[in-house]
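Below is one structure; the comments refer to it alone.
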Amino acid sequence: MVDGRAQVQWIRNGSRYQVHLDVAIGPSFAPIVTRRMTSDGELSERGLTPGRYDEETKVALRDPRRVALR
């Protein structure tokens with residue numbers, strides 16, 4: 001059995017948005033994997049228009065991995 005948790009935070013300011021997704025796998029005191037994903041951009045009549053995406057993944061005993069798309 002694998003335990004984990006996730007949390008989503010949605011922030012809106014006028015036509016701008018930002019969303020954060022945090023995921024942790026393993027015990028809360030020492031997760032094996034954590035990942036934070038962040039997207040921000042514009043809200044329009046056609047839906048979301050992302051302007052930036054960032055992701056950081058940490059795996060126990062490894063260097064963090066970062067991805068950024070603009």
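Chain identifiers are assigned as A, B, and so on, following the order in which chains appear in the structure tokens; residues are numbered from 1 within each chain, and ligands are numbered from 1 in order of appearance.
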Item to check | Sel. of strand (DSSP E or B) residues, chain A, as a count of residues only | outcome: 50
Within 12 Å of Ile11 of chain A, counting only C-alpha atoms, which residues show up once you throw out same-chain ones fewer than 2 positions away? Write them as a compact mmCIF listing (two decimals) with N, CA, C and O atoms, in the first residue's frame, please.
```txt
# COMPACT_ATOMS: atom_id res chain seq x y z
N VAL A 8 -4.63 21.31 -4.09
CA VAL A 8 -4.74 22.24 -5.21
C VAL A 8 -5.10 23.62 -4.65
O VAL A 8 -5.99 23.74 -3.81
N GLN A 9 -4.41 24.63 -5.14
CA GLN A 9 -4.73 26.02 -4.77
C GLN A 9 -4.97 26.79 -6.06
O GLN A 9 -4.10 26.84 -6.94
N ASN A 13 -7.30 36.60 -10.14
CA ASN A 13 -7.27 38.04 -9.94
C ASN A 13 -7.67 38.67 -11.27
O ASN A 13 -6.85 38.79 -12.18
N GLY A 14 -8.94 39.04 -11.40
CA GLY A 14 -9.44 39.57 -12.66
C GLY A 14 -9.37 38.50 -13.74
O GLY A 14 -9.89 37.41 -13.59
N SER A 15 -8.66 38.80 -14.82
CA SER A 15 -8.54 37.83 -15.91
C SER A 15 -7.29 36.96 -15.78
O SER A 15 -7.01 36.15 -16.64
N ARG A 16 -6.54 37.13 -14.71
CA ARG A 16 -5.33 36.33 -14.47
C ARG A 16 -5.67 35.17 -13.54
O ARG A 16 -6.53 35.27 -12.69
N TYR A 17 -4.95 34.07 -13.73
CA TYR A 17 -5.11 32.93 -12.82
C TYR A 17 -3.73 32.38 -12.47
O TYR A 17 -2.75 32.58 -13.17
N GLN A 18 -3.68 31.67 -11.37
CA GLN A 18 -2.51 30.89 -10.99
C GLN A 18 -3.04 29.67 -10.25
O GLN A 18 -3.95 29.78 -9.42
N VAL A 19 -2.50 28.51 -10.58
CA VAL A 19 -2.90 27.28 -9.91
C VAL A 19 -1.65 26.52 -9.48
O VAL A 19 -0.66 26.47 -10.21
N HIS A 20 -1.70 26.01 -8.25
CA HIS A 20 -0.60 25.21 -7.69
C HIS A 20 -1.15 23.83 -7.36
O HIS A 20 -2.22 23.71 -6.76
N LEU A 21 -0.42 22.80 -7.71
CA LEU A 21 -0.76 21.43 -7.35
C LEU A 21 0.44 20.84 -6.65
O LEU A 21 1.54 20.79 -7.22
N THR A 38 3.01 24.40 -11.04
CA THR A 38 2.41 25.74 -11.02
C THR A 38 2.16 26.18 -12.45
O THR A 38 3.03 26.05 -13.31
N SER A 39 0.97 26.69 -12.69
CA SER A 39 0.63 27.25 -14.00
C SER A 39 0.02 28.62 -13.77
O SER A 39 -0.74 28.81 -12.82
N ASP A 40 0.39 29.57 -14.61
CA ASP A 40 -0.29 30.87 -14.54
C ASP A 40 -0.50 31.40 -15.95
O ASP A 40 0.18 31.01 -16.89
N GLY A 41 -1.50 32.24 -16.06
CA GLY A 41 -1.84 32.78 -17.37
C GLY A 41 -3.11 33.60 -17.31
O GLY A 41 -3.44 34.19 -16.30
N GLU A 42 -3.84 33.58 -18.43
CA GLU A 42 -5.05 34.40 -18.59
C GLU A 42 -6.30 33.52 -18.69
O GLU A 42 -6.24 32.40 -19.21
N LEU A 43 -7.41 34.06 -18.21
CA LEU A 43 -8.73 33.47 -18.41
C LEU A 43 -9.42 34.28 -19.51
O LEU A 43 -9.44 35.50 -19.46
```
Checklist entry - Near Leu61 of chain A, counting only C-alpha atoms, which residues have an atom at most 12 Å away, once you skip same-chain residues fewer than 3 positions from it, shown as JSON, numbers by chain? => result {"A": [30, 31, 32, 33, 58, 64]}
Item to check | Top pick for closest residue to Arg66 of chain A, considering A:Gly47, A:Asp54, A:Gln7, A:Val2 and counting only C-alpha atoms | outcome: A:Asp54
Checklist entry - What separation in Å, quoted to one decimal, exists between atom CA of Arg52 of chain A and atom CA of Ile25 of chain A? => result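 Distance reported for this atom pair: 25.2 Å.
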